[in-house]
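run-v6.txt (compact mmCIF, C-alpha atoms) appears below.
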# COMPACT_ATOMS: atom_id res chain seq x y z
CA MET M 1 316.25 250.04 -43.51
CA ASP M 2 318.30 252.19 -45.82
CA ASP M 3 317.26 254.21 -48.89
CA ASN M 4 318.12 251.39 -51.32
CA ASP M 5 315.59 249.04 -49.70
CA GLU M 6 312.96 251.74 -49.89
CA LYS M 7 313.63 252.28 -53.61
CA ARG M 8 313.41 248.55 -54.36
CA ARG M 9 310.01 248.28 -52.71
CA ARG M 10 308.59 251.33 -54.42
CA ARG M 11 306.86 250.79 -57.74
CA PRO M 12 307.89 252.76 -60.80
CA THR M 13 305.97 255.98 -61.32
CA GLY M 14 303.11 255.91 -63.78
CA SER M 15 302.03 252.36 -62.92
CA ASP M 16 299.29 253.45 -60.49
CA SER M 17 296.70 253.77 -63.27
CA HIS M 18 297.10 250.10 -64.19
CA ASP M 19 297.33 248.72 -60.65
CA GLY M 20 293.57 248.27 -60.29
CA GLU M 21 293.27 246.42 -63.61
CA TRP M 22 296.28 244.28 -62.87
CA LEU M 23 295.07 243.38 -59.37
CA GLU M 24 291.60 242.56 -60.71
CA SER M 25 293.11 240.38 -63.45
CA VAL M 26 295.34 238.50 -61.01
CA GLY M 27 292.46 238.06 -58.56
CA ALA M 28 290.18 236.67 -61.30
CA LYS M 29 292.86 234.21 -62.43
CA GLU M 30 293.43 233.03 -58.88
CA ARG M 31 289.69 232.56 -58.26
CA ARG M 32 289.43 230.56 -61.50
CA ARG M 33 292.37 228.41 -60.47
CA LEU M 34 290.91 227.73 -57.02
CA ARG M 35 287.50 226.83 -58.49
CA ALA M 36 289.14 224.49 -61.01
CA ARG M 37 291.13 222.81 -58.24
CA ALA M 38 287.97 222.33 -56.15
CA ARG M 39 286.14 220.84 -59.15
CA ARG M 40 288.97 218.37 -59.84
CA GLU M 41 288.31 216.66 -56.50
CA ASN M 42 284.70 215.95 -57.50
CA VAL M 43 285.35 215.06 -61.13
CA VAL M 44 286.14 211.41 -60.44
CA TRP M 45 283.00 210.81 -58.39
CA PHE M 46 280.86 212.84 -60.77
CA GLY M 47 282.25 210.85 -63.72
CA LEU M 48 281.62 207.52 -62.03
CA GLY M 49 278.11 208.58 -61.07
CA THR M 50 277.33 209.73 -64.60
CA PHE M 51 278.82 206.53 -66.00
CA GLY M 52 276.56 204.48 -63.73
CA VAL M 53 273.43 206.50 -64.54
CA VAL M 54 274.09 206.28 -68.28
CA GLY M 55 274.84 202.56 -68.09
CA TRP M 56 271.73 201.65 -66.13
CA SER M 57 269.58 204.04 -68.16
CA VAL M 58 270.45 202.08 -71.29
CA ALA M 59 270.73 198.59 -69.79
CA ILE M 60 267.40 198.39 -67.95
CA PRO M 61 265.08 199.25 -70.87
CA THR M 62 267.16 197.11 -73.24
CA ILE M 63 267.05 194.03 -71.01
CA ALA M 64 263.39 194.51 -70.09
CA LEU M 65 262.21 194.89 -73.68
CA THR M 66 264.44 192.03 -74.86
CA LEU M 67 262.92 189.72 -72.24
CA LEU M 68 259.46 190.86 -73.32
CA GLY M 69 260.45 190.07 -76.92
CA VAL M 70 261.64 186.57 -75.95
CA TYR M 71 258.32 185.96 -74.18
CA LEU M 72 256.32 187.22 -77.17
CA ASP M 73 258.37 185.07 -79.59
CA ALA M 74 257.75 181.99 -77.44
CA HIS M 75 254.01 182.52 -77.00
CA TYR M 76 253.02 184.36 -80.18
CA PRO M 77 255.13 183.11 -83.11
CA ALA M 78 255.25 185.44 -86.11
CA SER M 79 257.24 185.86 -89.31
CA TRP M 80 259.29 188.61 -87.61
CA SER M 81 261.28 188.56 -84.42
CA TYR M 82 259.78 190.40 -81.47
CA THR M 83 263.08 189.98 -79.67
CA LEU M 84 265.11 191.90 -82.26
CA MET M 85 262.50 194.65 -82.64
CA LEU M 86 262.16 195.16 -78.90
CA LEU M 87 265.93 194.93 -78.42
CA PHE M 88 266.34 197.82 -80.85
CA ALA M 89 263.48 199.73 -79.22
CA GLY M 90 265.09 199.20 -75.78
CA VAL M 91 268.42 200.58 -76.97
CA VAL M 92 266.74 203.64 -78.51
CA ILE M 93 264.65 204.29 -75.39
CA GLY M 94 267.71 203.75 -73.19
CA CYS M 95 269.82 206.19 -75.20
CA LEU M 96 267.10 208.83 -75.02
CA ASN M 97 266.81 208.22 -71.30
CA ALA M 98 270.60 208.54 -70.85
CA TRP M 99 270.64 211.75 -72.89
CA TYR M 100 267.92 213.16 -70.63
CA TRP M 101 269.85 212.32 -67.45
CA VAL M 102 273.18 213.66 -68.73
CA ASN M 103 271.56 216.95 -69.76
CA ARG M 104 269.82 217.15 -66.40
CA GLU M 105 273.11 216.69 -64.49
CA ARG M 106 275.07 219.17 -66.59
CA PRO M 107 275.03 222.62 -64.95
CA GLY M 108 273.41 225.34 -66.97
CA PRO M 109 274.73 228.89 -67.28
CA ASP M 110 272.70 229.98 -64.27
CA GLU M 111 274.20 227.22 -62.13
CA MET M 112 277.87 227.90 -62.85
CA PRO M 113 279.93 228.66 -59.75
CA ARG M 114 280.35 232.33 -58.96
CA ASP M 115 283.13 234.23 -57.26
CA ALA M 116 282.70 235.54 -53.76
CA ASP M 117 281.81 238.97 -55.14
CA GLY M 118 278.99 237.49 -57.29
CA THR M 119 280.75 237.81 -60.63
CA ASP M 120 281.34 234.97 -63.05
CA ASN M 121 284.89 235.05 -64.36
CA ALA M 122 285.00 231.38 -65.37
CA GLY M 123 284.78 232.21 -69.06
CA ALA M 124 287.27 235.07 -69.03
CA GLU M 125 290.00 234.64 -71.56
CA ALA M 126 293.56 234.81 -70.37
CA PRO M 127 296.27 236.11 -72.66
CA PRO M 128 298.43 233.38 -74.21
CA GLY M 129 301.46 232.50 -72.15
CA SER M 130 300.04 233.99 -68.97
CA GLY M 131 300.39 230.69 -67.11
CA SER M 132 296.71 230.39 -66.26
CA ASP M 133 294.63 227.22 -66.38
CA ALA M 134 292.83 228.51 -69.48
CA ASP M 135 296.02 227.96 -71.53
CA GLU M 136 295.96 224.20 -71.00
As structure tokens:
Amino acid sequence: MDDNDEKRRRRPTGSDSHDGEWLESVGAKERRRLRARARRENVVWFGLGTFGVVGWSVAIPTIALTLLGVYLDAHYPASWSYTLMLLFAGVVIGCLNAWYWVNRERPGPDEMPRDADGTDNAGAEAPPGSGSDADE
């Protein structure tokens, strides 16, 4: 190795004070990128599971109450339609049920993934044009 190689590898003077900040920033960005990549693999299955839970949460009460309304209309005739009232009630109950399940599955702030050092850098803002996933 000659002196020119040594000079190329050496950092400019005065940059030592910012090395720690820069390394921490790069490390945080890389951890965010790795966590995002790991989450992408589960997004499809999580989405399909949520889609199924929401669908069945709405469909089951709607169908059950509609069938009850058809039975009541057949056996207890009235000037109003039990079927339509119970159909509407089933949709409302199903939507409330789906809202409950979606909120239950969504991770709260305490359940967000953490870095190996125990810090949460998922919400850290990256400067524009830095090439991080936060820019997308």
message = Please report the interatomic distance between CA of Tyr100 (chain M) and CA of Leu48 (chain M) in Å with one decimal.
response = 17.1 Å
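The gap separating CA of Arg31 (chain M) from CA of Gly47 (chain M) is 23.6 Å, in Å to one decimal.
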inquiry  = When you look at Trp56 (chain M) with a cut-off of 12 Å (counting all atoms listed in the file), what residues show up, excluding the ones that are within fewer than 2 positions of it in the same chain? I need them as a list in words.
reply    =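 So, after excluding close chain neighbours, the residues are Gly49, Thr50, Phe51, Gly52, Val53, Val54, Val58, Ala59, Ile60, Pro61, Thr62, Ile63, Ala64, Gly90, Val91, Ile93, Gly94, Cys95, Asn97, Ala98 and Trp101 of chain M.
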ask   = So which one's closest to Phe88 (chain M), M:Arg35, M:Thr66, M:Val26, M:Asp73? Using only C-alpha atoms, please.
value =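 Nearest to Phe88 (chain M): M:Thr66.
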task = Name the residues, using the chain letters and numbers of the file, that sit within 9 Å of (265.1, 186.0, -78.1) when counting only C-alpha atoms, and give them as JSON, numbers by chain.
result = {"M": [66, 67, 68, 69, 70, 71, 72, 73, 74, 81, 82, 83, 84, 87]}
Separation of CA of Ala36 (chain M) from CA of Ser57 (chain M) in Å =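 If I compute the distance from CA of Ser57 (chain M) to CA of Ala36 (chain M), I get 29.2 Å.
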Axis-aligned box for all listed atoms of region 58-77 of chain M, 5 Å per side, centre and edges in Å to one decimal, as lines of an AutoDock Vina configuration file:
center_x = 261.9
center_y = 192.0
center_z = -75.5
size_x = 27.7
size_y = 30.1
size_z = 25.2
